[in-house]
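The structure appears right after this line, and notes come after that.
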Amino acid sequence: METYYKPEDLLKFGEAGEEAPDLAAKFFDYYNAVFAEGELTEREKSLIALAVAHTVQCPYCIDAFTQSCLEKGSNLAEMTEAIHVVKAIRGGASLVHGVQMRNITEKLSM
Amino acid sequence: MITVSSKTETPEFSKRGAMAIEPFRLTLFKHGLQLVRDKTTTLQINAGYLCDRTCRHCHFSAGPGRKENMDMDTAEYVIEYARRAHFEIIDITGGAPGLDPNLVHLIEGLRPLASKIMIRSNLSVLNNGQNDQLISLFKKHQVIIVASFPSLNEAQTESQRGRGIFGKSISVLKKLNRLGYGHEGSGLELNLVSNPTGAFLPSSQIEAEKRFHQILDQKWGVTFNHLYNFGNVPLGRFRQWLVKSNNLERYIEKLISSFNPCAVEGLMCRTLVSVSWNGYLYDCDFNIARGLFMGGQKTHVSKMTGPPSRGSSIAVADHCYTCASGSGFT
């Protein structure tokens, strides 16, 4: 295998449910419902999905939701800001755990 | 299955860069659909390919060097045809019809013949102070202005339409607003057209229109009536860009996978006839670019006694997937 990730495999997403069609149908119905316009617009939901795709570092999701964001009318500046939100939260999550480090250090130290 | 070439405006077979796609006609057949004319209500006039811009999505590859432009004799034939055929809407496009020396004659000749007359504008032609007279003419005849405005984002807009166009467009839109265009009840309609700025499909028209209204008003105090979101047709300069950027195959696949049988009934080619700069008739502007005559027959406008008849056939090719994808192209 040359690579674990091939762009054309994204189109096979639906095949992932072949051995358990009832469960897959439930999942895809839910999936489609999630991305339909509700209190949030479809464009806003795609931007959230793009950010989450970067958080979970899924190449398929990044490909799909980059296209989706463009097709919903977002631009590169907005999409870049969404990625900075990811970076801030991931970086912040690391930094805030420093509190635990400080608590433990405080407990162990004279 | 047949093959379609990745070269610009070449017919279906080419060994180099060839890809397999299902012909549009076969897709219609598989869905039990026939694409035939309804009542033809719109006469679209392509004044020619001269343009002051070289937009990367242009299906004509229009630009400053193009010589294919409507002469006065053809303009006369077109006006006479409109008089005989009683269209409801006249739609003047290009190129940049604002650069057509016969435009004033066309508008004055056509205005009494239809209840609506509209002109496609790239806005940059109207940015030139010398064209204020043209805007006054549009206002006098209540010509609907349909302006290119692909994106609310400057970088995206200029990647498609060239450097400096975003600021010019905003400036012209403000000028048109000052003259009354784009305000409800003024009788001066200003509509915007947004095309994707790359190899992707257009967004939902309703959501995009809401957002364009909000952002244009908030940031620049600009108002308009309606927004139309149109897909880019893989012909001309846009096709060249798709090939060069290695996006053609994926873009065509996307168009085909987005085929919507429900969109076929509302396609513009069912109610529109398009006249090219040299006076020949086509089922749409894209078929002019592709060289597909109306119903497959080469017919000059001077030979037409009335609108094309209801039920007559429409020439199709694989670029037609663009109009039949998603919610359609009307």
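Identifiers for the structure tokens are assigned positionally: chains receive A, B, ... in sequence, residues are indexed from 1 per chain, and ligands are indexed from 1 in the order shown.
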
If you take only C-alpha atoms and a cut-off of 10 Å, which residues of chain B touch chain A, and what are their nearest atom pairs and distances in Å to one decimal, in chain and number order, as CSV?
```
residue,atom,partner,partner_atom,distance
B:Pro150,CA,A:Gly73,CA,9.8
B:Ser151,CA,A:Gly73,CA,7.8
B:Leu152,CA,A:Asn75,CA,8.5
B:Asn153,CA,A:Asn75,CA,6.6
B:Glu154,CA,A:Asn75,CA,9.6
B:Ala155,CA,A:Leu76,CA,8.6
B:Gln156,CA,A:Asn75,CA,7.0
B:Ser194,CA,A:Gly73,CA,9.8
B:Pro196,CA,A:Glu71,CA,7.5
B:Thr197,CA,A:Leu70,CA,8.6
B:Gly198,CA,A:Leu70,CA,8.7
B:Ala199,CA,A:Gln67,CA,9.1
B:Phe200,CA,A:Glu71,CA,6.1
B:Leu201,CA,A:Glu71,CA,5.4
B:Pro202,CA,A:Glu71,CA,5.4
B:Ser203,CA,A:Lys72,CA,4.5
B:Ser204,CA,A:Lys72,CA,6.8
B:Gln205,CA,A:Lys72,CA,9.5
B:Glu207,CA,A:Thr41,CA,7.9
B:Ala208,CA,A:Gly73,CA,6.9
B:Arg211,CA,A:Gly73,CA,9.2
B:Phe212,CA,A:Gly73,CA,9.9
B:Arg250,CA,A:Glu8,CA,9.9
```

Residues near B:Phe149, anyone? I mean within 8 Å using only C-alpha atoms, not counting same-chain ones fewer than 3 positions away, as a PyMOL selection string. chain B and resi 152+157+169+192-195

Kindly export the residues of the current selection with C-alpha atoms, as an mmCIF file, in the first residue's frame.
```
data_model
loop_
_atom_site.group_PDB
_atom_site.id
_atom_site.type_symbol
_atom_site.label_atom_id
_atom_site.label_comp_id
_atom_site.auth_asym_id
_atom_site.auth_seq_id
_atom_site.Cartn_x
_atom_site.Cartn_y
_atom_site.Cartn_z
ATOM 1 C CA LEU B 152 -18.122 39.200 -0.481
ATOM 2 C CA THR B 157 -13.374 38.068 -6.144
ATOM 3 C CA SER B 169 -17.463 47.083 -8.109
ATOM 4 C CA LEU B 192 -26.176 40.489 -8.470
ATOM 5 C CA VAL B 193 -24.692 37.314 -9.901
ATOM 6 C CA SER B 194 -22.338 35.209 -7.821
ATOM 7 C CA ASN B 195 -20.267 32.471 -9.428
#
```

Using only C-alpha atoms, determine which residues lie at most 8 Å from stretch 83-87 of chain A, disregarding the query and same-chain residues fewer than 4 positions distant; provide the list as a compact mmCIF listing (two decimals) with C-alpha atoms, in the first residue's frame.
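Here's the written file part37.txt:
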```
# COMPACT_ATOMS: atom_id res chain seq x y z
CA LEU A 50 -14.02 22.06 9.21
CA ALA A 51 -12.63 23.06 12.58
CA VAL A 52 -13.50 19.69 14.12
CA HIS A 54 -8.71 19.61 11.88
CA THR A 55 -9.04 18.72 15.53
CA MET A 79 -11.83 29.17 7.10
CA GLY A 91 -3.06 24.98 22.74
```

If I take atom CA of B:Gln240 and atom CA of A:Ile62, how far is one from the other in Å, to one decimal? 26.6 Å

Counting only C-alpha atoms, which of B:Tyr280, B:Phe166, B:Tyr228, B:Phe238 gets nearest to B:His319? B:Phe238

For A:Phe35, which residue out of A:Gln57, A:Leu95, A:Glu15, A:Phe65 is the nearest one, using only C-alpha atoms?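 Checking each candidate against A:Phe35, we get A:Phe65 as the closest.
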
Straight-line distance linking atom CA of B:Ala324 with atom CA of B:Leu267, stated in Å to one decimal: 7.3 Å
